[in-house]
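J.: This one is upload12.cif, mmCIF, C-alpha atoms.
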data_query
loop_
_atom_site.label_atom_id
_atom_site.label_comp_id
_atom_site.auth_asym_id
_atom_site.auth_seq_id
_atom_site.Cartn_x
_atom_site.Cartn_y
_atom_site.Cartn_z
CA MET A 53 -9.21 -18.17 -23.35
CA ILE A 54 -12.49 -17.41 -21.62
CA PRO A 55 -15.45 -17.51 -24.04
CA GLY A 56 -16.63 -14.01 -24.88
CA ASP A 57 -13.56 -12.36 -23.37
CA ARG A 58 -10.67 -11.84 -25.78
CA ASP A 59 -8.58 -10.09 -23.18
CA ALA A 60 -8.42 -12.87 -20.61
CA LEU A 61 -6.78 -16.24 -20.15
CA LEU A 62 -8.03 -18.94 -17.79
CA LEU A 63 -5.25 -20.96 -16.21
CA ARG A 64 -6.26 -24.26 -14.61
CA SER A 65 -4.25 -26.58 -12.42
CA PRO A 66 -4.37 -30.12 -13.88
CA ARG A 67 -4.26 -31.77 -10.45
CA ALA A 68 -6.37 -29.40 -8.37
CA ALA A 69 -9.67 -27.59 -8.74
CA VAL A 70 -7.95 -24.20 -8.96
CA ALA A 71 -8.31 -21.67 -11.77
CA PHE A 72 -7.01 -18.16 -12.26
CA ARG A 73 -8.36 -15.57 -14.65
CA ILE A 74 -5.57 -13.38 -16.04
CA GLY A 75 -6.25 -10.32 -18.16
CA ARG A 76 -3.77 -9.89 -21.00
CA ARG A 77 -3.99 -6.12 -21.06
CA SER A 78 -3.63 -5.69 -17.30
CA THR A 79 -0.71 -8.15 -17.24
CA ALA A 80 1.07 -6.27 -20.02
CA LEU A 81 0.49 -2.89 -18.34
CA SER A 82 1.72 -4.26 -15.00
CA ALA A 83 4.87 -5.63 -16.64
CA ILE A 84 5.56 -2.28 -18.33
CA ALA A 85 4.96 -0.42 -15.05
CA TRP A 86 7.34 -2.70 -13.15
CA LEU A 87 9.95 -2.34 -15.90
CA LEU A 88 9.74 1.45 -15.69
CA ALA A 89 9.84 1.40 -11.88
CA GLY A 90 12.84 -0.91 -11.92
CA SER A 91 14.62 1.34 -14.41
CA VAL A 92 14.01 4.40 -12.22
CA ALA A 93 15.24 2.45 -9.19
CA VAL A 94 18.46 1.51 -10.97
CA LEU A 95 18.86 5.14 -12.08
CA SER A 96 18.45 6.27 -8.46
CA LEU A 97 21.43 4.11 -7.52
CA THR A 98 23.61 6.37 -9.66
CA LEU A 99 22.49 9.61 -8.00
CA GLY A 100 24.31 11.20 -5.09
CA ARG A 101 27.53 12.88 -4.08
CA PHE A 102 29.55 9.81 -5.00
CA ASP A 103 29.62 9.77 -8.79
CA ILE A 104 29.02 6.31 -10.23
CA GLY A 105 27.41 5.56 -13.57
CA ALA A 106 24.87 2.92 -14.53
CA ALA A 107 27.62 0.61 -15.74
CA GLY A 108 29.36 0.90 -12.39
CA VAL A 109 26.12 0.19 -10.51
CA LEU A 110 25.47 -2.93 -12.58
CA ARG A 111 29.07 -4.03 -12.02
CA VAL A 112 28.66 -3.67 -8.24
CA LEU A 113 25.32 -5.52 -8.24
CA ALA A 114 27.00 -8.32 -10.19
CA GLY A 115 29.60 -8.70 -7.44
CA GLY A 116 32.39 -6.47 -8.76
CA GLY A 117 33.52 -2.93 -8.04
CA THR A 118 35.56 -1.46 -5.23
CA LEU A 119 34.78 -1.60 -1.53
CA ILE A 120 33.71 2.05 -1.52
CA GLU A 121 31.38 1.49 -4.48
CA TYR A 122 29.88 -1.53 -2.73
CA ASP A 123 29.27 0.46 0.45
CA VAL A 124 27.64 3.34 -1.43
CA VAL A 125 25.48 1.27 -3.76
CA VAL A 126 24.55 -1.80 -1.71
CA GLN A 127 24.65 -0.49 1.85
CA ASN A 128 23.21 3.00 1.29
CA ARG A 129 21.34 3.42 -1.99
CA LEU A 130 19.93 -0.06 -2.65
CA PRO A 131 17.84 -0.28 0.58
CA ARG A 132 16.40 3.14 -0.23
CA ALA A 133 15.39 2.05 -3.74
CA LEU A 134 13.95 -1.28 -2.58
CA THR A 135 11.97 0.39 0.20
CA GLY A 136 10.53 2.87 -2.31
CA LEU A 137 9.50 0.09 -4.68
CA GLY A 138 7.94 -1.97 -1.91
CA VAL A 139 6.02 0.91 -0.36
CA GLY A 140 4.80 2.03 -3.78
CA ALA A 141 3.54 -1.49 -4.48
CA ALA A 142 1.77 -1.60 -1.10
CA PHE A 143 0.06 1.75 -1.71
CA ALA A 144 -1.01 0.67 -5.20
CA LEU A 145 -2.50 -2.61 -3.98
CA SER A 146 -4.31 -0.90 -1.11
CA GLY A 147 -5.88 1.69 -3.40
CA ALA A 148 -6.86 -0.92 -5.98
CA ILE A 149 -8.64 -3.05 -3.36
CA LEU A 150 -10.66 -0.16 -1.95
CA GLN A 151 -11.55 1.17 -5.41
CA ARG A 152 -12.81 -2.23 -6.55
CA ILE A 153 -14.84 -2.86 -3.38
CA ALA A 154 -16.53 0.53 -3.55
CA ALA A 155 -16.70 0.53 -7.39
CA ASN A 156 -15.46 4.12 -7.33
CA PRO A 157 -12.10 5.36 -8.68
CA LEU A 158 -12.04 8.16 -6.07
CA VAL A 159 -11.80 5.71 -3.18
CA SER A 160 -8.14 5.68 -2.17
CA PRO A 161 -6.62 5.46 1.33
CA ASP A 162 -5.72 9.16 1.40
CA VAL A 163 -9.09 10.43 0.15
CA ILE A 164 -11.32 8.39 2.46
CA GLY A 165 -9.31 9.01 5.62
CA VAL A 166 -7.39 5.77 6.17
CA ASN A 167 -4.08 7.61 5.87
CA SER A 168 -5.35 10.30 8.26
CA GLY A 169 -6.34 7.61 10.75
CA ALA A 170 -2.88 6.08 10.54
CA ALA A 171 -1.30 9.51 11.06
CA PHE A 172 -3.51 10.21 14.07
CA GLY A 173 -2.68 6.84 15.63
CA ALA A 174 1.05 7.27 15.07
CA LEU A 175 1.09 10.84 16.37
CA THR A 176 -0.86 9.83 19.46
CA VAL A 177 1.85 7.30 20.25
CA LEU A 178 4.64 9.78 19.47
CA THR A 179 3.33 12.90 21.17
CA VAL A 180 1.17 11.58 24.01
CA PHE A 181 2.94 8.38 25.06
CA GLY A 182 6.43 9.15 23.78
CA GLY A 183 6.70 5.88 21.89
CA THR A 184 9.10 5.22 19.02
CA GLY A 185 9.89 2.55 16.45
CA LEU A 186 7.51 -0.39 16.44
CA HIS A 187 5.18 1.36 18.90
CA THR A 188 4.59 4.05 16.27
CA VAL A 189 3.94 1.43 13.62
CA ALA A 190 1.43 -0.29 15.90
CA GLY A 191 -0.27 3.03 16.59
CA ALA A 192 -0.51 3.79 12.89
CA LEU A 193 -1.98 0.36 12.15
CA ALA A 194 -4.50 0.68 14.98
CA GLY A 195 -5.55 4.14 13.82
CA ALA A 196 -5.96 3.01 10.22
CA ALA A 197 -7.94 -0.07 11.27
CA ALA A 198 -10.27 1.93 13.54
CA THR A 199 -10.83 4.51 10.80
CA ALA A 200 -11.60 1.85 8.19
CA ALA A 201 -14.03 0.12 10.56
CA ALA A 202 -15.86 3.36 11.32
CA LEU A 203 -15.85 4.33 7.65
CA PHE A 204 -17.45 1.14 6.42
CA ALA A 205 -19.88 0.99 9.35
CA LEU A 206 -21.16 4.49 8.57
CA SER A 207 -21.23 3.90 4.82
CA ALA A 208 -22.92 0.49 4.80
CA LYS A 209 -26.41 1.73 5.68
CA ARG A 210 -28.86 0.47 3.03
CA GLY A 211 -26.02 -1.22 1.19
CA LEU A 212 -22.47 -0.11 0.55
CA SER A 213 -22.35 2.79 -1.88
CA GLY A 214 -19.15 4.07 -3.45
CA TYR A 215 -20.33 7.69 -3.42
CA ARG A 216 -21.46 7.45 0.21
CA LEU A 217 -18.09 5.92 1.08
CA VAL A 218 -16.27 8.86 -0.54
CA LEU A 219 -18.42 11.50 1.19
CA VAL A 220 -18.16 9.87 4.62
CA GLY A 221 -14.44 9.31 4.10
CA ILE A 222 -13.82 12.94 3.22
CA GLY A 223 -15.63 14.00 6.38
CA ILE A 224 -13.65 11.57 8.54
CA ALA A 225 -10.40 12.68 6.91
CA ALA A 226 -11.19 16.33 7.68
CA MET A 227 -11.90 15.56 11.34
CA LEU A 228 -8.77 13.46 11.75
CA THR A 229 -6.64 16.10 10.03
CA SER A 230 -7.93 18.61 12.58
CA ALA A 231 -7.12 16.19 15.39
CA VAL A 232 -3.58 15.76 14.03
CA SER A 233 -3.12 19.54 13.94
CA PHE A 234 -4.35 19.77 17.53
CA LEU A 235 -1.84 17.16 18.67
CA LEU A 236 0.98 19.02 16.94
CA THR A 237 0.07 22.31 18.63
CA ARG A 238 -0.09 20.78 22.11
CA ALA A 239 2.93 18.49 22.04
CA ASP A 240 6.50 19.09 23.16
CA TYR A 241 8.69 20.84 20.56
CA HIS A 242 11.11 17.94 20.10
CA ARG A 243 8.29 15.43 19.77
CA VAL A 244 6.63 17.69 17.22
CA LEU A 245 9.81 17.61 15.13
CA ALA A 246 9.83 13.82 15.22
CA ALA A 247 6.12 13.72 14.39
CA ALA A 248 6.56 16.15 11.49
CA ALA A 249 9.35 14.00 10.08
CA TRP A 250 7.12 10.92 10.37
CA LEU A 251 4.20 12.69 8.66
CA THR A 252 6.34 13.95 5.80
CA GLY A 253 8.01 10.62 5.21
CA SER A 254 11.44 10.03 3.73
CA LEU A 255 13.55 7.38 2.07
CA ALA A 256 16.67 8.77 3.75
CA ASN A 257 18.59 6.42 6.04
CA ARG A 258 16.65 3.36 4.98
CA GLY A 259 18.33 0.07 5.76
CA GLY A 260 17.90 -3.66 5.67
CA LEU A 261 15.32 -3.59 8.48
CA HIS A 262 13.00 -1.36 6.48
CA VAL A 263 13.36 -3.57 3.41
CA ALA A 264 12.63 -6.64 5.52
CA ILE A 265 9.49 -5.05 7.03
CA ILE A 266 7.93 -4.11 3.71
CA ALA A 267 9.04 -7.35 2.03
CA GLY A 268 7.59 -9.40 4.88
CA THR A 269 4.33 -7.47 4.72
CA LEU A 270 3.98 -8.02 0.97
CA ALA A 271 4.93 -11.68 1.32
CA ALA A 272 2.21 -12.17 3.95
CA VAL A 273 -0.56 -10.14 2.31
CA VAL A 274 -0.15 -10.71 -1.44
CA PRO A 275 -0.93 -14.49 -1.29
CA VAL A 276 -4.13 -13.62 0.59
CA LEU A 277 -5.05 -11.15 -2.14
CA VAL A 278 -4.39 -13.74 -4.83
CA VAL A 279 -6.92 -16.05 -3.18
CA LEU A 280 -9.51 -13.33 -2.50
CA ALA A 281 -9.11 -11.39 -5.75
CA ARG A 282 -11.76 -13.48 -7.47
CA GLN A 283 -14.31 -12.10 -4.98
CA LEU A 284 -13.73 -8.50 -6.11
CA ARG A 285 -15.97 -8.82 -9.18
CA LEU A 286 -18.75 -10.08 -6.95
CA LEU A 287 -18.29 -7.29 -4.39
CA GLU A 288 -18.43 -4.68 -7.16
CA LEU A 289 -22.09 -5.59 -7.64
CA GLY A 290 -22.97 -4.03 -4.29
CA GLY A 291 -23.47 -5.33 -0.77
CA ASP A 292 -27.05 -6.61 -1.18
CA LEU A 293 -26.57 -8.44 -4.47
CA ALA A 294 -23.19 -9.83 -3.43
CA GLY A 295 -24.77 -11.18 -0.23
CA VAL A 296 -27.52 -12.89 -2.20
CA LEU A 297 -25.14 -14.48 -4.71
CA SER A 298 -22.58 -15.56 -2.12
CA GLY A 299 -22.92 -16.17 1.59
CA GLN A 300 -19.20 -15.41 2.00
CA ALA A 301 -19.33 -11.89 0.54
CA GLY A 302 -19.29 -10.20 3.95
CA GLY A 303 -16.29 -12.17 5.17
CA SER A 304 -14.41 -11.56 1.93
CA ARG A 305 -15.04 -7.82 2.19
CA VAL A 306 -13.72 -7.72 5.77
CA ALA A 307 -10.61 -9.70 4.79
CA LEU A 308 -9.91 -7.49 1.77
CA VAL A 309 -10.39 -4.26 3.72
CA THR A 310 -8.09 -5.60 6.45
CA ALA A 311 -5.45 -6.37 3.84
CA ALA A 312 -5.82 -2.88 2.38
CA VAL A 313 -5.42 -1.29 5.82
CA VAL A 314 -2.29 -3.34 6.57
CA LEU A 315 -0.78 -2.38 3.22
#
Could you show the structure in this file as structure tokens?
T.:
Amino acid sequence: MIPGDRDALLLRSPRAAVAFRIGRRSTALSAIAWLLAGSVAVLSLTLGRFDIGAAGVLRVLAGGGTLIEYDVVVQNRLPRALTGLGVGAAFALSGAILQRIAANPLVSPDVIGVNSGAAFGALTVLTVFGGTGLHTVAGALAGAAATAAALFALSAKRGLSGYRLVLVGIGIAAMLTSAVSFLLTRADYHRVLAAAAWLTGSLANRGGLHVAIIAGTLAAVVPVLVVLARQLRLLELGGDLAGVLSGQAGGSRVALVTAAVVL
């Protein structure tokens, strides 16, 4: 236990100079949240035109059941549930990073315009260049990255302020939302339908590829966050003080924001 902190445990590696600070309360809440999310995911496997109860779902997941039950549960419903869990985890991590860096609970990807930047980038690829699939993903990532860079550049004057970040982000989000509406009004009808479907989002027709994409993203980004998470307390002190206390504060902030944008 860390002296003076009853809610934290300090885990040290006996062979390496590595230590992790783990909050008991946050760990318990995370475990409860994951248990609830997993329960809802299992419940979702029972819902649909093909009637199968929770016992039947568990039987299929354990390797039993009929061929039809296997096709419905494993091939159709399970990828949808896993994609939902993975995307939810990515959104949660992204929001948590940005909130901690800005020390403001209002700073989330949708409020400060990162989502709008991703939408604008994706719709530009869809409606202007006629791209699909991975091209759309690349456009969304480029739009989100450019928005985050502009957001932090405009907000970092005289030190990064959480309130300034929120205000600038709301303004950027409003402008990008207008740009998205303009693209939708000028594009071809069929491309607009595809763009509208992309903007709305859906777990329908999810498959193994979608699960692999989100799982690969989490597998690549989460270890980076584990290493950089210890810098979040320092960054919460503000840009000037964090820079004085650590010469690596600027690099850590860039890496964490990049991870949040990717997520």
J.: So what do you get for CA of Gly75 in chain A versus CA of Val306 in chain A, distance-wise?
T.: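 Computing it gives 25.2 Å between the two atoms.
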J.: What are the closest atom pairs, with distances in Å to one decimal, for each residue of range 159-187 of chain A lying within 10 Å of range 238-259 of chain A, using only C-alpha atoms, rows by chain and rising residue number, as a Markdown table?
T.:
| residue | atom | partner | partner_atom | distance |
| --- | --- | --- | --- | --- |
| A:Ser168 | CA | A:Leu251 | CA | 9.9 |
| A:Ala170 | CA | A:Leu251 | CA | 9.9 |
| A:Ala171 | CA | A:Leu251 | CA | 6.8 |
| A:Phe172 | CA | A:Leu251 | CA | 9.7 |
| A:Ala174 | CA | A:Ala247 | CA | 8.2 |
| A:Leu175 | CA | A:Ala247 | CA | 6.1 |
| A:Thr176 | CA | A:Ala247 | CA | 9.5 |
| A:Val177 | CA | A:Ala247 | CA | 9.7 |
| A:Leu178 | CA | A:Ala247 | CA | 6.6 |
| A:Thr179 | CA | A:Ala239 | CA | 5.7 |
| A:Val180 | CA | A:Ala239 | CA | 7.4 |
| A:Gly182 | CA | A:Arg243 | CA | 7.7 |
| A:Gly183 | CA | A:Arg243 | CA | 9.9 |
| A:Thr184 | CA | A:Ala246 | CA | 9.4 |
J.: Contacts of Ala200 in chain A at 9 Å or less, counting only C-alpha atoms, minus same-chain residues fewer than 5 places along, as a PyMOL selection string?
T.: chain A and resi 164-166+169+195+205+221+309-310+313
J.: CA of Ile222 in chain A and CA of Ala194 in chain A, how far apart in Å?
T.: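 Between CA of Ala194 in chain A and CA of Ile222 in chain A the gap works out to 19.4 Å.
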J.: Could you state the separation of CA of Gly136 in chain A and CA of Arg152 in chain A in Å, given to one decimal place?
T.: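 Value for the CA of Gly136 in chain A-CA of Arg152 in chain A distance: 24.3 Å.
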J.: If the PyMOL selection byres ((chain A and resi 144-148) around 6) is run on the structure shown, which residues does it catch, given as a PyMOL selection string?
T.: chain A and resi 141-143+149-151+160+312+315
J.: Taking only C-alpha atoms into account, which of A:Val189, A:Leu284, A:Ala85, A:Ala154 comes nearest Leu137 in chain A?
T.: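 Closest to Leu137 in chain A of all the choices is A:Ala85.
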J.: Mind checking which residues fall within 10 Å of Leu280 in chain A, counting all atoms listed in the file, ignoring those fewer than 2 positions away in the same chain, and posting them as a list of chain:residue names?
T.: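 Using all atoms listed in the file, the neighbours found are A:Val274, A:Pro275, A:Val276, A:Leu277, A:Val278, A:Arg282, A:Gln283, A:Leu284, A:Ser304, A:Arg305, A:Ala307, A:Leu308.
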J.: List as a list in words the residues having at least one atom at most 12 Å from position (-7.7, 18.4, 8.5) as given in the file, counting only C-alpha atoms.
T.: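 The residues that fall inside the cut-off are Asp162, Val163, Gly165, Asn167, Ser168, Gly169, Ala171, Phe172, Ile222, Gly223, Ile224, Ala225, Ala226, Met227, Leu228, Thr229, Ser230, Ala231, Val232, Ser233, Phe234 and Leu235 of chain A.
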J.: Could you work out an axis-aligned box for range 127-143 of chain A, taking every atom the file lists and adding 4 Å on each side, and report centre and edge lengths in Å to one decimal, as JSON?
T.:
{"center_x": 12.4, "center_y": 0.7, "center_z": -1.4, "size_x": 32.6, "size_y": 13.4, "size_z": 14.5}
J.: At a cut-off of 10 Å, using all atoms listed in the file, what residues contact range 102-105 of chain A? Leave out same-chain residues fewer than 5 positions from it and give the result as a short mmCIF file (atom, residue, chain, number, x, y, z; two decimals) with C-alpha atoms, in the frame of the given file.
T.:
data_model
loop_
_atom_site.label_atom_id
_atom_site.label_comp_id
_atom_site.auth_asym_id
_atom_site.auth_seq_id
_atom_site.Cartn_x
_atom_site.Cartn_y
_atom_site.Cartn_z
CA LEU A 95 18.86 5.14 -12.08
CA LEU A 97 21.43 4.11 -7.52
CA LEU A 110 25.47 -2.93 -12.58
CA ARG A 111 29.07 -4.03 -12.02
CA ILE A 120 33.71 2.05 -1.52
CA GLU A 121 31.38 1.49 -4.48
CA VAL A 124 27.64 3.34 -1.43
CA VAL A 125 25.48 1.27 -3.76
#
J.: Mind checking which residues fall within 10 Å of Ile265 in chain A, counting all atoms listed in the file, ignoring those fewer than 6 positions away in the same chain, and posting them as a PyMOL selection string?
T.: chain A and resi 135+138+271
J.: For each of A:Leu217, A:Ala192, A:Ala197, A:Val109, take the minimum atom-to-atom distance to Pro157 in chain A, counting only C-alpha atoms, then give the residue where this is smallest.
T.: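 Among the listed residues, A:Leu217 lies closest to Pro157 in chain A.
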